[in-house]
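K.L.:
Next up is a structure, given as structure tokens.
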Amino acid sequence: MGKTTARRLVIIEAPSNLGLMPLGDDVEPGTRHAPATLRQLGLHDRLAVERVVTVEPPAYRRDDERRINIRNIDAIADYSIRLADAVEEAVEAGCFPLVLGGDCSILIGSMLGLARQREAGLLYVDGHTDFHLPEQSATGGGAGMDLALVTGWGPSALTDLEGRWPYVTTRRVAALANRHHEGAPSAPIPDIAESGMVYRPLEQLRAEGIEVCVDAALNGIDADREGFWIHFDVDAVDSRLMPAVDSPQADGLDWDEAAVLLTTALKRRALGLQVTIYDPSRDPGHVAGKALIEWLAEILATET
């Protein structure tokens with residue numbers, strides 16, 4: 001496959017696992033190895049990349065004595081600001097950042113970087129809603145709260161960095177392809193379907209037609225006015241194809257469906273794309289990682 005020249009692509013490696021619970025007593029979540037593994041497997045060579053930036057995270061801690069039920073909350077705040085710097089610089093330079101996570105808490109940094117410049121929208125593609133507060137979490141993992149945090153729900157230590165609460169309003173968010181919908185009756189946060197977001201779970205996405213649904217969702221958040229960010233958690237993909245995630249689920253998108261979704265979005269005013277939650281430690285032989293690379297290379301080689 002040839003290299004793409006469709007965009008001025010900047011890869012931002014965000015190898016953070018700060019937003020996840022530990023895998024065991026002394027075992028860190030393996031998402032921190034995702035950017036390096038994807039690089040070693042050839043992703044960077046498959047794309048016409050202007051430059052590669054690595055934003056190293058603070059050291060991971062179990063943080064069992066946390067004062068607020070978000071592990072590594074101060075470290076996530078520090079990291080988000082530094083990641084925001086990299087995203088802001090790339091977008092201001094007219095480049096298209098591909099942010100390789102890492103866990104979903106990196107969304108805070110990405111949206112903070114855009115919030116410094118504009119009122120950007122968010123296309124949120126994830127197998128889970130991630131629209132929860134700390135008091136609802138059994139793990140204390142910020143990666144399971146990222147959509148709530150970037151829309152202003154939760155502790156100010158993460159929702160109001162630089163006084164920019166919220167980084168994106170719910171009316172500028174389209175949440176698609178979720179298949180693990182839990183309501184929020186026990187805390188002062190609305191159910192995602194009643195939050196003001198454009199919300200289309202996977203069943204509805206398929207019923208309406210993926211291209212039609214994506215375009216309608218982006219129109220619903222006025223995505224072309226100031227542009228929008230794309231968050232893609234690979235757990236949106238069926239676990240039979242992408243088992244190397246922390247919360248695998250069957251019956252998700254197949255690679256072709258996921259490609260239609262993203263290529264449709266990339267025909268619009270997308271400012272950048274982040275890919276999260278791939279865990280090489282759960283991928284013997286890197287079979288899923290190689291498939292992810294083929295998928296990304298194909299998508300990012302598509303002319304828009």
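Residues in the structure tokens are named by chain (A, B, ... in the order shown) and by number from 1 within that chain; ligands are numbered from 1 in the order shown.
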Using only C-alpha atoms, which protein or nucleic acid residues come within 12 Å of Ala36 (chain A)? Drop anything in the same chain fewer than 6 positions from it, and give the result as a VMD selection string.

P.N.:
chain A and resid 11 to 16 30 42 to 44 52 to 54 56 100 to 102 278 to 280 289

K.L.:
Those residues you just picked out, can you put them in a file as a compact mmCIF listing (two decimals), in the first residue's frame with all heavy atoms?

P.N.:
```txt
# COMPACT_ATOMS: atom_id res chain seq x y z
N ILE A 11 1.78 12.35 14.02
CA ILE A 11 1.46 11.34 15.02
C ILE A 11 1.88 11.84 16.39
O ILE A 11 3.03 12.27 16.59
CB ILE A 11 2.14 10.00 14.71
CG1 ILE A 11 1.50 9.36 13.48
CG2 ILE A 11 2.05 9.05 15.91
CD1 ILE A 11 2.10 8.02 13.09
N ILE A 12 0.93 11.83 17.32
CA ILE A 12 1.22 12.17 18.71
C ILE A 12 1.06 10.88 19.52
O ILE A 12 -0.04 10.35 19.64
CB ILE A 12 0.28 13.26 19.25
CG1 ILE A 12 0.42 14.54 18.41
CG2 ILE A 12 0.58 13.55 20.72
CD1 ILE A 12 -0.57 15.64 18.80
N GLU A 13 2.15 10.38 20.03
CA GLU A 13 2.11 9.18 20.84
C GLU A 13 1.76 9.58 22.27
O GLU A 13 2.44 10.41 22.87
CB GLU A 13 3.45 8.46 20.79
CG GLU A 13 3.81 7.98 19.40
CD GLU A 13 5.13 7.23 19.35
OE1 GLU A 13 5.99 7.47 20.23
OE2 GLU A 13 5.32 6.42 18.43
N ALA A 14 0.71 8.99 22.80
CA ALA A 14 0.22 9.31 24.15
C ALA A 14 0.15 8.02 24.96
O ALA A 14 -0.93 7.48 25.21
CB ALA A 14 -1.14 9.98 24.07
N PRO A 15 1.31 7.50 25.39
CA PRO A 15 1.36 6.18 26.02
C PRO A 15 0.96 6.18 27.49
O PRO A 15 1.70 5.75 28.36
CB PRO A 15 2.83 5.79 25.84
CG PRO A 15 3.56 7.09 25.90
CD PRO A 15 2.64 8.09 25.23
N SER A 16 -0.23 6.65 27.76
CA SER A 16 -0.70 6.76 29.14
C SER A 16 -1.59 5.59 29.52
O SER A 16 -2.47 5.19 28.77
CB SER A 16 -1.49 8.06 29.33
OG SER A 16 -2.04 8.12 30.62
N GLY A 30 -1.37 -2.51 30.16
CA GLY A 30 -0.43 -2.54 29.05
C GLY A 30 -0.66 -1.51 27.96
O GLY A 30 0.10 -1.47 26.98
N GLY A 42 5.05 -1.18 12.22
CA GLY A 42 5.11 -0.54 10.92
C GLY A 42 4.08 0.51 10.62
O GLY A 42 4.04 1.03 9.49
N LEU A 43 3.24 0.89 11.59
CA LEU A 43 2.20 1.88 11.28
C LEU A 43 2.80 3.19 10.79
O LEU A 43 2.35 3.75 9.78
CB LEU A 43 1.34 2.15 12.52
CG LEU A 43 0.29 3.27 12.36
CD1 LEU A 43 -0.71 2.93 11.26
CD2 LEU A 43 -0.43 3.54 13.67
N HIS A 44 3.79 3.71 11.48
CA HIS A 44 4.34 5.01 11.13
C HIS A 44 4.93 5.01 9.72
O HIS A 44 4.87 6.02 9.01
CB HIS A 44 5.40 5.43 12.15
CG HIS A 44 4.90 5.58 13.56
ND1 HIS A 44 3.99 4.72 14.12
CD2 HIS A 44 5.20 6.49 14.52
CE1 HIS A 44 3.74 5.10 15.36
NE2 HIS A 44 4.46 6.17 15.63
N VAL A 52 6.70 12.97 14.40
CA VAL A 52 6.16 12.16 15.48
C VAL A 52 6.54 12.84 16.79
O VAL A 52 7.70 13.19 17.02
CB VAL A 52 6.73 10.73 15.45
CG1 VAL A 52 6.20 9.91 16.63
CG2 VAL A 52 6.38 10.05 14.13
N VAL A 53 5.55 13.02 17.64
CA VAL A 53 5.74 13.64 18.95
C VAL A 53 5.33 12.61 19.99
O VAL A 53 4.27 12.00 19.87
CB VAL A 53 4.89 14.92 19.10
CG1 VAL A 53 5.05 15.52 20.48
CG2 VAL A 53 5.23 15.93 18.01
N THR A 54 6.15 12.44 21.01
CA THR A 54 5.79 11.55 22.11
C THR A 54 5.62 12.37 23.38
O THR A 54 6.52 13.12 23.76
CB THR A 54 6.86 10.47 22.34
OG1 THR A 54 7.04 9.73 21.12
CG2 THR A 54 6.44 9.52 23.44
N GLU A 56 5.30 11.83 27.07
CA GLU A 56 5.48 10.80 28.09
C GLU A 56 4.63 11.13 29.33
O GLU A 56 4.64 12.26 29.80
CB GLU A 56 6.95 10.68 28.49
CG GLU A 56 7.83 10.11 27.39
CD GLU A 56 7.58 8.64 27.13
OE1 GLU A 56 6.86 7.99 27.93
OE2 GLU A 56 8.09 8.14 26.12
N LEU A 100 -2.18 8.48 19.31
CA LEU A 100 -2.19 7.05 19.61
C LEU A 100 -2.07 6.86 21.11
O LEU A 100 -1.03 7.13 21.71
CB LEU A 100 -1.02 6.35 18.90
CG LEU A 100 -1.00 6.44 17.37
CD1 LEU A 100 0.25 5.79 16.83
CD2 LEU A 100 -2.25 5.79 16.76
N GLY A 101 -3.20 6.41 21.72
CA GLY A 101 -3.17 6.10 23.14
C GLY A 101 -2.71 4.68 23.35
O GLY A 101 -2.49 3.94 22.38
N GLY A 102 -2.53 4.29 24.62
CA GLY A 102 -3.03 4.98 25.77
C GLY A 102 -4.51 4.68 25.99
O GLY A 102 -5.23 4.12 25.19
N TYR A 278 -5.99 -0.07 22.84
CA TYR A 278 -5.28 -1.26 22.39
C TYR A 278 -4.19 -1.62 23.41
O TYR A 278 -3.39 -0.77 23.80
CB TYR A 278 -4.65 -1.04 21.01
CG TYR A 278 -3.70 -2.14 20.60
CD1 TYR A 278 -4.14 -3.45 20.46
CD2 TYR A 278 -2.36 -1.87 20.36
CE1 TYR A 278 -3.26 -4.47 20.10
CE2 TYR A 278 -1.48 -2.87 19.99
CZ TYR A 278 -1.93 -4.17 19.87
OH TYR A 278 -1.05 -5.18 19.52
N ASP A 279 -4.18 -2.87 23.84
CA ASP A 279 -3.25 -3.34 24.86
C ASP A 279 -2.41 -4.48 24.30
O ASP A 279 -2.89 -5.62 24.21
CB ASP A 279 -4.03 -3.80 26.10
CG ASP A 279 -3.13 -4.21 27.25
OD1 ASP A 279 -1.92 -4.44 27.03
OD2 ASP A 279 -3.64 -4.32 28.39
N PRO A 280 -1.17 -4.21 23.90
CA PRO A 280 -0.35 -5.27 23.30
C PRO A 280 -0.11 -6.46 24.22
O PRO A 280 0.14 -7.57 23.73
CB PRO A 280 0.97 -4.55 22.99
CG PRO A 280 0.62 -3.10 22.94
CD PRO A 280 -0.49 -2.91 23.92
N GLY A 289 -3.15 -6.18 16.70
CA GLY A 289 -2.42 -4.95 16.41
C GLY A 289 -2.13 -4.80 14.93
O GLY A 289 -2.24 -3.70 14.36
```

K.L.:
As a VMD selection string, list the residues of region 14-92 of chain A assigned to alpha helix (DSSP H) by DSSP on the backbone atoms of this structure.

P.N.:
chain A and resid 34 to 40 43 to 46 73 to 92

K.L.:
Once you have the residues from the selection above, write them out as an mmCIF file, in the first residue's frame, restricted to C-alpha atoms.

P.N.:
```cif
data_model
loop_
_atom_site.group_PDB
_atom_site.id
_atom_site.type_symbol
_atom_site.label_atom_id
_atom_site.label_comp_id
_atom_site.auth_asym_id
_atom_site.auth_seq_id
_atom_site.Cartn_x
_atom_site.Cartn_y
_atom_site.Cartn_z
ATOM 1 C CA ALA A 34 0.480 0.621 22.372
ATOM 2 C CA PRO A 35 2.174 3.516 20.514
ATOM 3 C CA ALA A 36 5.608 1.884 20.597
ATOM 4 C CA THR A 37 4.179 -1.463 19.493
ATOM 5 C CA LEU A 38 2.257 0.083 16.609
ATOM 6 C CA ARG A 39 5.394 1.913 15.560
ATOM 7 C CA GLN A 40 7.444 -1.310 15.699
ATOM 8 C CA LEU A 43 2.201 1.880 11.283
ATOM 9 C CA HIS A 44 4.338 5.014 11.134
ATOM 10 C CA ASP A 45 6.089 3.766 7.993
ATOM 11 C CA ARG A 46 2.748 3.158 6.288
ATOM 12 C CA ILE A 73 -6.093 12.274 39.257
ATOM 13 C CA ASP A 74 -3.247 14.768 39.692
ATOM 14 C CA ALA A 75 -1.052 12.932 37.209
ATOM 15 C CA ILE A 76 -3.885 12.873 34.656
ATOM 16 C CA ALA A 77 -4.362 16.624 35.099
ATOM 17 C CA ASP A 78 -0.646 17.280 34.539
ATOM 18 C CA TYR A 79 -0.535 14.963 31.553
ATOM 19 C CA SER A 80 -3.677 16.450 30.001
ATOM 20 C CA ILE A 81 -2.126 19.907 29.914
ATOM 21 C CA ARG A 82 1.030 18.645 28.209
ATOM 22 C CA LEU A 83 -0.954 16.578 25.718
ATOM 23 C CA ALA A 84 -3.140 19.623 25.049
ATOM 24 C CA ASP A 85 -0.001 21.561 24.130
ATOM 25 C CA ALA A 86 0.903 18.978 21.479
ATOM 26 C CA VAL A 87 -2.618 18.794 20.030
ATOM 27 C CA GLU A 88 -3.001 22.573 19.960
ATOM 28 C CA GLU A 89 0.357 23.034 18.232
ATOM 29 C CA ALA A 90 -0.447 20.462 15.554
ATOM 30 C CA VAL A 91 -3.893 21.852 14.751
ATOM 31 C CA GLU A 92 -2.666 25.452 14.781
#
```

K.L.:
One decimal, in Å: what's the spacing between CA of Phe228 (chain A) and CA of Asn72 (chain A)?

P.N.:
27.8 Å

K.L.:
Applying 12 Å and only C-alpha atoms, which residues near Asp160 (chain A) remain after dropping the ones on its own chain fewer than 4 positions away? List them as a list in words.

P.N.:
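Contacts, with the query itself left out: Ala77, Ser80, Ile81, Ile108, Gly109, Met111, Leu112, Ala115, Leu149, Val150, Thr151, Gly152, Trp153, Gly154, Pro155, Ser156, Arg164, Trp165, Pro166, Tyr167 and Val168 of chain A.
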
K.L.:
Show me, as a PyMOL selection string, the residues that have an atom within 9 Å of Asn178 (chain A) when counting only C-alpha atoms, minus same-chain residues fewer than 3 positions from it.

P.N.:
chain A and resi 125-129+175+181+199-203+236+252

K.L.:
Store the residues picked out above in a file with all heavy atoms, as a short mmCIF file (atom, residue, chain, number, x, y, z; two decimals), in the first residue's frame.

P.N.:
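Below is the file that was written, selection.cif:
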```cif
data_model
loop_
_atom_site.label_atom_id
_atom_site.label_comp_id
_atom_site.auth_asym_id
_atom_site.auth_seq_id
_atom_site.Cartn_x
_atom_site.Cartn_y
_atom_site.Cartn_z
N VAL A 125 -16.78 7.56 19.47
CA VAL A 125 -17.10 6.20 19.04
C VAL A 125 -16.45 5.24 20.04
O VAL A 125 -15.22 5.19 20.16
CB VAL A 125 -16.57 5.93 17.62
CG1 VAL A 125 -16.97 4.53 17.17
CG2 VAL A 125 -17.08 6.98 16.65
N ASP A 126 -17.27 4.50 20.75
CA ASP A 126 -16.78 3.70 21.87
C ASP A 126 -17.76 2.58 22.14
O ASP A 126 -18.97 2.75 21.96
CB ASP A 126 -16.65 4.60 23.11
CG ASP A 126 -15.73 4.05 24.18
OD1 ASP A 126 -16.03 2.96 24.71
OD2 ASP A 126 -14.73 4.71 24.51
N GLY A 127 -17.26 1.45 22.59
CA GLY A 127 -18.13 0.35 22.96
C GLY A 127 -18.90 0.60 24.24
O GLY A 127 -19.89 -0.09 24.52
N HIS A 128 -18.46 1.58 25.03
CA HIS A 128 -19.09 1.93 26.30
C HIS A 128 -19.46 3.41 26.28
O HIS A 128 -18.92 4.19 25.50
CB HIS A 128 -18.13 1.67 27.46
CG HIS A 128 -17.57 0.28 27.50
ND1 HIS A 128 -16.53 -0.12 26.68
CD2 HIS A 128 -17.92 -0.81 28.23
CE1 HIS A 128 -16.25 -1.40 26.92
NE2 HIS A 128 -17.10 -1.84 27.85
N THR A 129 -20.36 3.79 27.17
CA THR A 129 -20.72 5.20 27.22
C THR A 129 -19.64 6.04 27.88
O THR A 129 -19.46 7.20 27.53
CB THR A 129 -22.03 5.40 28.00
OG1 THR A 129 -21.86 4.98 29.35
CG2 THR A 129 -23.18 4.63 27.36
N ALA A 175 -22.34 10.67 20.21
CA ALA A 175 -21.82 9.42 20.76
C ALA A 175 -22.44 8.26 19.97
O ALA A 175 -23.66 8.06 20.01
CB ALA A 175 -22.15 9.31 22.24
N HIS A 181 -24.82 0.13 27.44
CA HIS A 181 -25.47 1.34 27.93
C HIS A 181 -25.99 1.11 29.33
O HIS A 181 -26.88 0.30 29.56
CB HIS A 181 -26.62 1.72 26.99
CG HIS A 181 -27.34 2.96 27.42
ND1 HIS A 181 -28.62 3.25 27.02
CD2 HIS A 181 -26.98 3.98 28.24
CE1 HIS A 181 -29.01 4.39 27.55
NE2 HIS A 181 -28.02 4.85 28.30
N TYR A 199 -27.14 10.74 20.34
CA TYR A 199 -26.76 9.42 20.81
C TYR A 199 -27.38 8.35 19.92
O TYR A 199 -28.59 8.30 19.74
CB TYR A 199 -27.22 9.22 22.27
CG TYR A 199 -26.96 7.83 22.79
CD1 TYR A 199 -25.67 7.34 22.90
CD2 TYR A 199 -28.01 6.99 23.17
CE1 TYR A 199 -25.42 6.06 23.36
CE2 TYR A 199 -27.77 5.71 23.64
CZ TYR A 199 -26.47 5.24 23.73
OH TYR A 199 -26.23 3.98 24.20
N ARG A 200 -26.52 7.52 19.34
CA ARG A 200 -26.98 6.42 18.50
C ARG A 200 -26.21 5.17 18.88
O ARG A 200 -25.05 4.99 18.49
CB ARG A 200 -26.74 6.73 17.01
CG ARG A 200 -27.50 7.94 16.48
CD ARG A 200 -28.99 7.69 16.41
NE ARG A 200 -29.69 8.80 15.80
CZ ARG A 200 -30.13 9.88 16.46
NH1 ARG A 200 -29.95 9.97 17.77
NH2 ARG A 200 -30.75 10.84 15.82
N PRO A 201 -26.83 4.27 19.67
CA PRO A 201 -26.16 3.01 19.98
C PRO A 201 -25.99 2.17 18.72
O PRO A 201 -26.57 2.47 17.67
CB PRO A 201 -27.11 2.35 20.98
CG PRO A 201 -28.44 2.96 20.69
CD PRO A 201 -28.17 4.36 20.23
N LEU A 202 -25.20 1.12 18.82
CA LEU A 202 -24.83 0.34 17.65
C LEU A 202 -26.04 -0.21 16.90
O LEU A 202 -26.09 -0.16 15.67
CB LEU A 202 -23.89 -0.80 18.05
CG LEU A 202 -23.39 -1.70 16.92
CD1 LEU A 202 -22.70 -0.88 15.84
CD2 LEU A 202 -22.47 -2.77 17.48
N GLU A 203 -27.01 -0.72 17.61
CA GLU A 203 -28.20 -1.28 16.96
C GLU A 203 -28.89 -0.24 16.10
O GLU A 203 -29.30 -0.51 14.96
CB GLU A 203 -29.16 -1.82 18.02
CG GLU A 203 -30.41 -2.46 17.44
CD GLU A 203 -31.32 -3.01 18.52
OE1 GLU A 203 -31.00 -2.87 19.72
OE2 GLU A 203 -32.37 -3.59 18.16
N ALA A 236 -14.85 -0.61 20.50
CA ALA A 236 -16.06 -0.53 19.68
C ALA A 236 -16.09 -1.65 18.64
O ALA A 236 -17.16 -1.98 18.11
CB ALA A 236 -16.14 0.82 18.97
N GLY A 252 -19.67 -6.32 18.33
CA GLY A 252 -19.36 -4.94 17.99
C GLY A 252 -19.21 -4.75 16.49
O GLY A 252 -19.55 -5.62 15.68
#
```

K.L.:
Given the choices A:Arg51, A:His286, A:His132, A:Arg172, which gets closest to Trp229 (chain A) if the distance is worked out from only C-alpha atoms?

P.N.:
A:Arg172

K.L.:
Give me, as a PyMOL selection string, all polymer residues having an atom no more than 12 Å from Ala270 (chain A), counting only C-alpha atoms and skipping those fewer than 2 positions away in the same chain.

P.N.:
chain A and resi 7+91+94-98+114+120-123+218+222-231+262-268+272-274+304

K.L.:
When distances are computed from only C-alpha atoms, which of A:Ile293, A:Cys104, A:Ala157, A:Val237 shows the smallest separation from Ile68 (chain A)?

P.N.:
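Going through A:Ile293, A:Cys104, A:Ala157, A:Val237 one by one, the smallest distance to Ile68 (chain A) is for A:Ala157.
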
K.L.:
Have a look at CA of Gly19 (chain A) and CA of Gly141 (chain A) and let me know their distance in Å, one decimal.

P.N.:
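Straight-line distance from CA of Gly19 (chain A) to CA of Gly141 (chain A) works out to 4.8 Å.
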